[in-house]
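**Q** What follows is the file query-v8.txt, containing compact mmCIF, C-alpha atoms and all ligand atoms:
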# COMPACT_ATOMS: atom_id res chain seq x y z
CA MET V 1 -2.93 -0.17 -15.08
CA ARG V 2 -0.89 2.96 -15.57
CA LEU V 3 2.62 2.82 -16.92
CA LEU V 4 3.94 4.27 -13.66
CA THR V 5 2.64 1.11 -11.99
CA HIS V 6 4.17 -1.03 -14.72
CA ASN V 7 7.47 0.65 -13.88
CA MET V 8 7.14 -0.63 -10.29
CA LEU V 9 6.29 -4.24 -11.13
CA SER V 10 8.62 -7.13 -11.79
CA SER V 11 8.27 -10.84 -12.27
CA ASN V 12 7.97 -12.53 -8.90
CA ILE V 13 8.52 -16.11 -10.01
CA LYS V 14 10.91 -18.07 -7.84
CA GLY V 15 14.42 -18.20 -9.22
CA VAL V 16 13.96 -15.42 -11.76
CA THR V 17 16.84 -12.96 -11.47
CA ASN V 18 16.06 -10.70 -14.37
CA GLY V 19 12.34 -10.06 -14.01
CA PHE V 20 12.23 -6.39 -14.98
CA PRO V 21 10.77 -4.81 -17.00
CA LEU V 22 7.79 -6.98 -17.78
CA LEU V 23 7.03 -6.95 -21.49
CA ILE V 24 3.62 -5.61 -22.41
CA GLU V 25 1.19 -7.37 -24.70
CA ALA V 26 -1.47 -4.75 -25.32
CA GLU V 27 -4.95 -5.71 -26.49
CA LYS V 28 -6.79 -2.64 -25.29
CA VAL V 29 -5.36 0.68 -24.14
CA LEU V 30 -7.40 3.50 -22.62
CA GLU V 31 -6.64 7.17 -22.13
CA LYS V 32 -8.09 8.80 -19.05
CA PRO V 33 -7.52 12.47 -18.29
CA VAL V 34 -5.61 13.28 -15.09
CA ASP V 35 -4.90 16.72 -13.60
CA PHE V 36 -1.45 17.92 -14.63
CA ASN V 37 0.85 18.25 -11.64
CA PRO V 38 4.47 19.08 -12.57
CA ASP V 39 5.66 18.69 -8.98
CA PHE V 40 4.35 15.15 -8.85
CA LEU V 41 6.26 14.37 -12.04
CA ARG V 42 9.47 15.96 -10.74
CA ASN V 43 9.15 13.92 -7.56
CA MET V 44 8.61 10.68 -9.42
CA PHE V 45 11.20 11.21 -12.14
CA PRO V 46 14.24 10.01 -10.13
CA LYS V 47 12.38 6.81 -9.24
CA ILE V 48 11.52 5.89 -12.80
CA ASP V 49 13.47 3.40 -14.85
CA TRP V 50 13.52 5.41 -18.05
CA LYS V 51 14.30 2.64 -20.48
CA ALA V 52 11.45 0.55 -19.11
CA LEU V 53 9.07 3.47 -19.42
CA VAL V 54 10.03 4.19 -23.02
CA GLY V 55 9.57 0.51 -23.88
CA ALA V 56 6.20 0.34 -22.14
CA ALA V 57 4.99 3.53 -23.84
CA LYS V 58 5.99 2.15 -27.23
CA ALA V 59 4.23 -1.12 -26.45
CA VAL V 60 0.98 0.76 -25.90
CA GLY V 61 1.52 2.87 -29.02
CA TYR V 62 2.99 6.07 -27.58
CA GLY V 63 6.28 7.16 -29.12
CA GLU V 64 6.67 10.71 -27.84
CA LEU V 65 9.23 10.02 -25.12
CA PRO V 66 12.93 10.59 -25.85
CA ASP V 67 15.14 7.50 -25.67
CA ALA V 68 17.16 9.05 -22.88
CA ALA V 69 16.20 11.62 -20.28
CA ASP V 70 17.88 13.58 -17.52
CA SER V 71 16.55 15.85 -14.82
CA ALA V 72 17.43 19.00 -16.81
CA MET V 73 14.54 18.10 -19.10
CA LEU V 74 12.11 18.61 -16.23
CA ASP V 75 12.28 22.34 -16.99
CA SER V 76 10.63 21.76 -20.34
CA ASP V 77 6.86 22.00 -20.33
CA ASP V 78 6.72 19.89 -23.46
CA PHE V 79 8.69 17.10 -21.86
CA LEU V 80 6.56 17.23 -18.69
CA ARG V 81 3.35 16.99 -20.73
CA HIS V 82 4.60 13.90 -22.53
CA LEU V 83 5.80 12.36 -19.29
CA HIS V 84 2.43 13.10 -17.67
CA HIS V 85 0.60 11.41 -20.50
CA ALA V 86 2.85 8.36 -20.52
CA LEU V 87 2.96 7.82 -16.76
CA LEU V 88 -0.58 8.63 -15.75
CA GLN V 89 -3.06 8.91 -18.60
CA LEU V 90 -2.37 5.75 -20.58
CA HIS V 91 -3.90 2.61 -19.11
CA LEU V 92 -3.27 -0.94 -20.15
CA GLU V 93 -6.85 -2.17 -19.92
CA GLU V 94 -6.64 -5.65 -21.47
CA GLY V 95 -3.57 -7.69 -22.31
CA ALA V 96 -0.71 -9.29 -20.44
CA LEU V 97 2.60 -8.66 -18.75
CA VAL V 98 5.26 -11.14 -19.79
CA CYS V 99 8.20 -12.22 -17.63
CA PRO V 100 11.31 -11.36 -19.66
CA GLU V 101 13.16 -14.41 -18.38
CA THR V 102 10.60 -17.22 -18.46
CA GLY V 103 7.94 -15.93 -20.84
CA ARG V 104 5.24 -16.52 -18.21
CA ARG V 105 2.22 -14.32 -18.92
CA PHE V 106 0.49 -12.38 -16.18
CA PRO V 107 -2.96 -11.46 -17.48
CA VAL V 108 -4.32 -7.92 -17.25
CA ASN V 109 -8.13 -7.73 -17.22
CA LYS V 110 -10.16 -4.59 -16.72
CA GLY V 111 -6.92 -2.78 -16.02
CA ILE V 112 -5.92 -5.12 -13.19
CA PRO V 113 -2.77 -7.22 -13.46
CA ASN V 114 -2.93 -10.62 -11.81
CA MET V 115 0.47 -11.45 -10.30
CA LEU V 116 -0.71 -14.54 -8.38
CA LEU V 117 1.67 -17.44 -8.82
CA HIS V 118 1.00 -21.14 -9.25
CA GLU V 119 2.22 -23.39 -6.48
CA ASP V 120 5.32 -24.51 -8.39
CA GLU V 121 6.38 -20.89 -9.01
CA VAL V 122 6.56 -19.70 -5.40
CA MET M 1 -12.04 21.34 4.69
CA PRO M 2 -14.81 18.76 5.04
CA SER M 3 -13.15 15.37 5.00
CA LYS M 4 -15.19 12.92 3.05
CA ILE M 5 -14.97 9.19 3.37
CA ALA M 6 -16.44 6.42 1.26
CA GLN M 7 -20.22 6.04 1.43
CA ILE M 8 -21.47 2.60 2.30
CA ARG M 9 -24.24 2.75 -0.29
CA LEU M 10 -21.58 3.25 -2.99
CA VAL M 11 -19.33 0.43 -1.81
CA GLY M 12 -19.45 -2.55 -4.15
CA SER M 13 -20.13 -6.05 -2.91
CA HIS M 14 -19.73 -9.68 -3.85
CA PHE M 15 -20.52 -12.75 -1.77
CA GLU M 16 -16.85 -13.70 -1.63
CA VAL M 17 -15.59 -10.25 -0.63
CA TYR M 18 -15.28 -8.92 2.91
CA GLU M 19 -17.90 -6.25 3.61
CA PRO M 20 -16.87 -3.15 5.56
CA CYS M 21 -17.16 -4.08 9.20
CA ASP M 22 -16.13 -2.75 12.65
CA ASP M 23 -12.46 -3.27 11.83
CA SER M 24 -12.76 -1.37 8.55
CA PHE M 25 -14.53 1.50 10.30
CA ALA M 26 -11.91 1.54 13.05
CA LEU M 27 -9.15 1.85 10.45
CA VAL M 28 -10.86 4.70 8.63
CA ASP M 29 -11.58 6.38 11.98
CA ALA M 30 -7.88 6.12 12.79
CA LEU M 31 -7.00 7.79 9.50
CA LEU M 32 -9.53 10.53 10.21
CA ALA M 33 -8.17 10.98 13.72
CA ASP M 34 -4.69 11.41 12.24
CA LEU M 35 -5.84 13.43 9.25
CA THR M 36 -4.12 16.68 10.19
CA ASN M 37 -0.81 14.84 10.40
CA LEU M 38 -1.49 12.97 7.16
CA LEU M 39 -2.25 16.17 5.27
CA GLU M 40 0.94 17.73 6.59
CA HIS M 41 2.89 14.58 5.76
CA LYS M 42 1.94 14.95 2.08
CA PRO M 43 2.48 11.28 1.19
CA LYS M 44 3.45 10.76 -2.43
CA LEU M 45 2.65 7.10 -2.47
CA CYS M 46 -0.04 5.40 -0.39
CA MET M 47 -0.67 1.71 -0.40
CA GLU M 48 -3.25 -0.68 1.00
CA VAL M 49 -2.58 -4.39 1.41
CA GLY M 50 -5.77 -6.48 1.43
CA CYS M 51 -8.18 -3.85 0.10
CA GLY M 52 -11.31 -6.06 0.20
CA SER M 53 -14.33 -3.96 -0.79
CA GLY M 54 -12.15 -0.87 -1.28
CA TYR M 55 -13.81 1.02 1.56
CA VAL M 56 -10.51 2.02 3.18
CA ILE M 57 -8.40 2.98 0.15
CA THR M 58 -11.35 4.92 -1.30
CA SER M 59 -11.75 6.80 1.97
CA LEU M 60 -8.03 7.57 2.07
CA ALA M 61 -8.08 8.86 -1.50
CA LEU M 62 -11.07 11.06 -0.70
CA MET M 63 -9.32 12.43 2.39
CA LEU M 64 -5.95 13.18 0.84
CA GLY M 65 -6.77 13.87 -2.81
CA GLN M 66 -5.32 12.45 -5.99
CA VAL M 67 -2.46 13.23 -8.39
CA ALA M 68 -3.54 16.89 -8.36
CA CYS M 69 -2.57 16.84 -4.68
CA GLY M 70 0.57 14.87 -5.47
CA THR M 71 -0.57 11.48 -4.20
CA TYR M 72 -0.57 8.11 -5.96
CA TYR M 73 -2.43 5.06 -4.64
CA ILE M 74 -1.77 1.35 -5.00
CA ALA M 75 -3.97 -1.37 -3.50
CA THR M 76 -3.55 -5.14 -3.53
CA ASP M 77 -5.60 -8.14 -2.55
CA ILE M 78 -5.04 -11.87 -2.95
CA ASN M 79 -8.71 -12.31 -3.86
CA PRO M 80 -9.41 -11.32 -7.48
CA TYR M 81 -13.06 -10.61 -6.67
CA ALA M 82 -12.00 -8.17 -3.96
CA VAL M 83 -9.79 -6.24 -6.35
CA LYS M 84 -12.64 -6.04 -8.82
CA VAL M 85 -15.09 -4.82 -6.18
CA THR M 86 -12.50 -2.25 -5.05
CA SER M 87 -12.31 -0.89 -8.58
CA GLU M 88 -16.10 -0.48 -8.59
CA THR M 89 -16.05 1.27 -5.22
CA LEU M 90 -13.30 3.65 -6.34
CA GLU M 91 -15.12 4.43 -9.55
CA ALA M 92 -18.42 5.06 -7.76
CA HIS M 93 -16.62 7.72 -5.73
CA GLY M 94 -14.77 9.22 -8.67
CA VAL M 95 -11.30 8.41 -7.36
CA HIS M 96 -8.52 6.19 -8.68
CA ALA M 97 -6.08 3.72 -7.20
CA GLU M 98 -3.87 1.30 -9.07
CA LEU M 99 -4.96 -2.24 -8.33
CA ILE M 100 -2.99 -5.45 -8.39
CA THR M 101 -4.15 -8.97 -7.61
CA THR M 102 -1.25 -10.41 -5.67
CA ASP M 103 -0.07 -12.01 -2.45
CA ILE M 104 0.68 -9.05 -0.13
CA ALA M 105 2.96 -7.06 -2.44
CA SER M 106 4.57 -9.80 -4.48
CA GLY M 107 5.92 -8.33 -7.72
CA LEU M 108 6.36 -4.90 -6.14
CA GLU M 109 9.09 -5.71 -3.64
CA LYS M 110 11.91 -4.97 -6.03
CA ARG M 111 10.97 -1.61 -7.51
CA LEU M 112 8.73 -0.19 -4.79
CA THR M 113 11.35 -0.59 -2.05
CA GLY M 114 11.54 2.51 0.11
CA LEU M 115 8.89 4.41 -1.81
CA VAL M 116 5.70 3.97 0.22
CA ASP M 117 4.93 6.92 2.51
CA VAL M 118 1.69 5.57 3.96
CA MET M 119 0.61 1.94 4.19
CA VAL M 120 -2.75 0.86 5.58
CA VAL M 121 -3.61 -2.72 6.47
CA ASN M 122 -6.65 -4.43 7.92
CA PRO M 123 -5.23 -7.95 7.76
CA PRO M 124 -6.90 -11.31 8.24
CA TYR M 125 -6.31 -11.42 12.00
CA VAL M 126 -8.71 -14.00 13.45
CA PRO M 127 -7.02 -17.00 15.11
CA THR M 128 -7.91 -20.08 13.04
CA PRO M 129 -6.43 -23.44 12.12
CA GLU M 130 -3.43 -22.86 9.86
CA GLU M 131 -5.10 -24.70 6.94
CA GLU M 132 -7.70 -21.98 6.58
CA VAL M 133 -5.14 -19.27 5.87
CA GLY M 134 -5.10 -18.17 2.25
CA CYS M 135 -7.62 -20.76 1.10
CA ASP M 136 -10.05 -19.81 -1.63
CA GLY M 137 -13.18 -17.92 -0.76
CA ILE M 138 -14.28 -15.52 1.90
CA ALA M 139 -12.55 -17.34 4.80
CA SER M 140 -9.18 -15.99 3.68
CA ALA M 141 -10.51 -12.51 4.50
CA TRP M 142 -10.27 -13.19 8.21
CA ALA M 143 -8.36 -16.47 8.68
CA GLY M 144 -5.11 -15.56 10.42
CA GLY M 145 -3.77 -18.93 11.57
CA GLU M 146 -2.11 -19.33 14.96
CA ASN M 147 -2.86 -16.28 17.13
CA GLY M 148 -4.13 -14.69 13.95
CA ARG M 149 -0.53 -13.84 13.11
CA SER M 150 0.25 -15.86 9.99
CA VAL M 151 -0.46 -13.16 7.43
CA ILE M 152 0.46 -10.26 9.73
CA ASP M 153 3.92 -11.76 10.23
CA LYS M 154 4.42 -11.83 6.47
CA ILE M 155 3.08 -8.33 5.95
CA LEU M 156 5.34 -6.66 8.52
CA PRO M 157 8.72 -7.46 6.88
CA MET M 158 7.24 -6.43 3.53
CA ALA M 159 6.02 -3.15 5.05
CA ASP M 160 9.49 -2.56 6.46
CA LYS M 161 10.92 -3.07 3.00
CA LEU M 162 8.48 -0.89 1.10
CA LEU M 163 8.10 2.01 3.54
CA SER M 164 10.14 5.10 2.82
CA ASP M 165 12.35 6.77 5.45
CA ARG M 166 9.34 8.84 6.40
CA GLY M 167 6.90 5.97 5.93
CA TRP M 168 3.93 5.36 8.21
CA LEU M 169 2.03 2.12 8.68
CA TYR M 170 -1.49 1.92 10.11
CA MET M 171 -2.54 -1.62 10.99
CA VAL M 172 -5.56 -3.18 12.67
CA THR M 173 -4.82 -5.80 15.32
CA LEU M 174 -6.82 -7.93 17.67
CA THR M 175 -5.80 -8.49 21.30
CA ALA M 176 -5.24 -12.17 20.44
CA ASN M 177 -2.56 -11.08 17.96
CA ASN M 178 -0.44 -9.88 20.88
CA PRO M 179 -0.08 -6.30 19.64
CA SER M 180 2.52 -5.38 22.24
CA GLU M 181 4.79 -8.09 20.89
CA ILE M 182 4.23 -6.75 17.39
CA CYS M 183 5.24 -3.30 18.61
CA LEU M 184 8.40 -4.68 20.19
CA GLN M 185 9.30 -6.57 17.03
CA MET M 186 8.78 -3.45 14.99
CA ARG M 187 10.81 -1.47 17.48
CA GLU M 188 13.72 -3.79 16.83
CA LYS M 189 13.44 -2.79 13.21
CA GLY M 190 13.56 0.86 14.28
CA TYR M 191 9.90 1.79 14.49
CA ALA M 192 8.07 3.71 17.15
CA SER M 193 4.37 3.08 17.55
CA ARG M 194 1.21 4.35 19.12
CA ILE M 195 -2.42 3.31 19.35
CA VAL M 196 -4.57 5.62 17.27
CA VAL M 197 -7.92 3.94 17.85
CA GLN M 198 -8.98 1.38 20.40
CA ARG M 199 -12.36 -0.26 20.18
CA SER M 200 -14.06 -3.08 22.02
CA THR M 201 -17.07 -4.85 20.65
CA GLU M 202 -18.85 -7.80 22.16
CA GLU M 203 -16.66 -10.26 20.30
CA GLU M 204 -13.35 -8.55 19.96
CA SER M 205 -11.05 -5.79 21.10
CA LEU M 206 -9.41 -3.95 18.22
CA HIS M 207 -6.45 -1.62 18.12
CA VAL M 208 -5.36 0.43 15.17
CA ILE M 209 -1.64 0.97 15.62
CA LYS M 210 0.47 3.50 13.79
CA PHE M 211 4.14 2.69 13.20
CA TRP M 212 6.79 5.10 12.02
CA ARG M 213 10.56 5.07 11.87
CA ASP M 214 12.27 6.36 14.95
CA SER M 215 14.54 8.69 13.00
CA ASP M 216 11.37 10.45 12.01
CA ARG M 217 10.52 10.83 15.64
CA LEU M 218 13.98 12.15 16.52
CA LEU M 219 13.64 14.59 13.67
CA GLU M 220 10.33 15.80 15.01
CA ALA M 221 11.87 16.16 18.41
CA SER M 222 14.87 18.05 17.08
CA GLU M 223 12.54 20.49 15.41
CA THR M 224 11.09 21.39 18.76
CA GLY M 225 14.56 21.35 20.27
CA THR M 226 14.02 18.41 22.58
CA VAL M 227 16.09 15.62 21.13
CA ASN M 228 16.00 12.86 23.62
CA LYS M 229 16.87 9.30 22.76
CA ILE M 230 14.92 8.06 25.75
CA VAL M 231 11.65 9.21 24.26
CA PRO M 232 10.91 6.20 22.08
CA THR M 233 11.48 3.89 25.04
CA ARG M 234 9.07 5.83 27.17
CA VAL M 235 6.59 5.89 24.36
CA ILE M 236 6.70 2.15 23.99
CA GLU M 237 6.31 1.66 27.73
CA SER M 238 3.27 3.86 27.93
CA LEU M 239 2.00 2.08 24.86
CA LEU M 240 2.46 -1.30 26.46
CA SER M 241 0.59 -0.18 29.52
CA HIS M 242 -2.42 0.30 27.27
CA PHE M 243 -2.63 -3.35 26.44
CA PRO M 244 -4.16 -5.16 29.37
CA GLY M 245 -2.78 -8.45 30.61
CA ILE M 246 0.40 -8.43 28.59
CA SER M 247 3.70 -9.75 29.77
CA LEU M 248 6.50 -7.35 29.12
CA ARG M 249 9.16 -9.17 27.20
CA ARG M 250 11.83 -6.52 27.11
CA SER M 251 14.48 -6.80 24.49
CA GLY M 252 17.33 -4.91 26.07
CA ASN M 253 18.40 -1.42 25.19
CA SER M 254 17.27 0.31 22.06
CA LYS M 255 19.44 -0.63 19.14
CA SER M 256 20.51 2.03 16.75
CA SER M 257 19.98 0.68 13.27
C1 LIG X 301 -10.23 -8.17 7.11
S1 LIG X 301 -10.31 -8.02 5.33
C2 LIG X 301 -10.18 -6.24 5.14
C3 LIG X 301 -10.79 -5.71 3.86
C4 LIG X 301 -10.81 -4.19 3.75
N1 LIG X 301 -9.49 -3.63 3.72
C5 LIG X 301 -11.61 -3.59 4.88
O1 LIG X 301 -10.97 -3.01 5.78
O2 LIG X 301 -12.82 -3.70 4.88
C6 LIG X 301 -8.72 -8.65 4.84
C7 LIG X 301 -8.45 -8.62 3.34
O3 LIG X 301 -7.12 -9.08 3.12
C8 LIG X 301 -7.10 -9.94 1.99
N2 LIG X 301 -5.94 -10.84 2.11
C9 LIG X 301 -5.83 -11.97 2.85
N3 LIG X 301 -4.62 -12.52 2.68
C10 LIG X 301 -3.94 -11.71 1.82
C11 LIG X 301 -2.64 -11.75 1.23
N4 LIG X 301 -1.78 -12.73 1.52
N5 LIG X 301 -2.29 -10.78 0.36
C12 LIG X 301 -3.16 -9.78 0.06
N6 LIG X 301 -4.40 -9.69 0.58
C13 LIG X 301 -4.79 -10.64 1.45
C14 LIG X 301 -8.44 -10.64 2.02
O4 LIG X 301 -8.79 -11.13 0.75
C15 LIG X 301 -9.36 -9.52 2.52
O5 LIG X 301 -9.90 -8.79 1.46
Represent the structure from my file as structure tokens, please.

**A**
Amino acid sequence: MRLLTHNMLSSNIKGVTNGFPLLIEAEKVLEKPVDFNPDFLRNMFPKIDWKALVGAAKAVGYGELPDAADSAMLDSDDFLRHLHHALLQLHLEEGALVCPETGRRFPVNKGIPNMLLHEDEV
Amino acid sequence: MPSKIAQIRLVGSHFEVYEPCDDSFALVDALLADLTNLLEHKPKLCMEVGCGSGYVITSLALMLGQVACGTYYIATDINPYAVKVTSETLEAHGVHAELITTDIASGLEKRLTGLVDVMVVNPPYVPTPEEEVGCDGIASAWAGGENGRSVIDKILPMADKLLSDRGWLYMVTLTANNPSEICLQMREKGYASRIVVQRSTEEESLHVIKFWRDSDRLLEASETGTVNKIVPTRVIESLLSHFPGISLRRSGNSKSS
């Protein structure tokens, strides 16, 4: 699972009001090269929750993102390269996503998060 | 540009995962038939609900290209084995989609709202007793409950939520699903529709329907200088005439949403 996908996921348990961002427990993180496309990053930037991305990147051991970002930074090649790496090249391969409100763990195996709920959670 | 699709010999399999079948081929054929439009549309985010073996999402990724072409893919399935097989199929073709084991798009509804430019769905559409819907094992791949509509009727509101202003939905339906009623329901939510592929086999008659927001359509029309609010109505009527033996339940004048 890429961190861009993590940025789109929230806890879906019934009654949870504050299910985003899911905390990351990382057991195994992979890096896979992806073609650099600045336009893709510029398109995605407004949709990203920055704080969640910075937290997720830190949780998988990547500390190169600034704590705050604004669209003016999209002119910087350096910034774009870091954003590219964080959003697309880092994969949470094994671990879990944890609901910030209830502590419920959603396992991630072979890079695939399992968001299926138990009957009493729907 | 030669448009490649997934190769059957590279598609993974598992005894509890739906193998590519006539409906899967019809959906991919519909995407191929609409490929020129899709390439022009330049979707940033494509999503498949119920990816099964991964045949469809892999084909779409091969047709439209990956991040280098500006496109991101997400696929879900309720069956963990299906998601795993999809990852094998994607890998065998050298493409990537983000995979999530979940019920329709549960967990994505909050943050993915309004971001999906293309959604493809080959849902479980076979009329079955309601108990069979969503049960463990391969039956949940086709079991659609009453009129085969149980899962479809949950997917459509989610699609409406997730699709962007310029979002398109391609969905497989069976005649028993009452596709014309589905089109009318979607029209009430502001979508126009057309049949992209129609196919009859011995057992079933399949339609792949494309839905898109009407504003999109008006925009297209305004570009060619022929804005005409009547158009969607006429489109739906000609569409309905394609479904044999269907009672026209009209829902009054078109609402502007
Ligand atoms: C008819 S199969 C299509 C598989 C594949 N897309 C294809 O075209 O070959 C339907 C798929 O939807 C999945 N499915 C059924 N109910 C679902 C749900 N509630 N949420 C997500 N996927 C579901 C099934 O597991 C199955 O893989």

**Q** When you draw a straight line from atom CA of Ala68 of chain M to atom CA of Leu83 of chain V, how long is it in Å?

**A** 15.1 Å

**Q** As a VMD selection string, please: every protein or nucleic acid residue near ligand LIG 301 (chain X) (cut-off 9 Å, counting only C-alpha atoms and all ligand atoms).

**A** chain M and resid 16 to 28 48 to 57 76 to 83 101 to 106 120 to 126 133 to 135 137 to 144 151 to 152 154 to 155 172

**Q** Which residues, protein or nucleic acid, reach to within 8 Å of (13.4, 5.4, -25.1) in the file's coordinates when using all atoms listed in the file, and can you give that as a PyMOL selection string?

**A** chain V and resi 50-55+65-68

**Q** Please measure the separation of atom CA of Phe106 of chain V and atom CA of Ile13 of chain V, giving the value in Å to one decimal.

**A** 10.8 Å

**Q** Return the single residue from M:Leu112, M:Ala97, M:Leu64, M:Val11 that is closest to chain V, with distances computed using only C-alpha atoms.

**A** M:Leu112
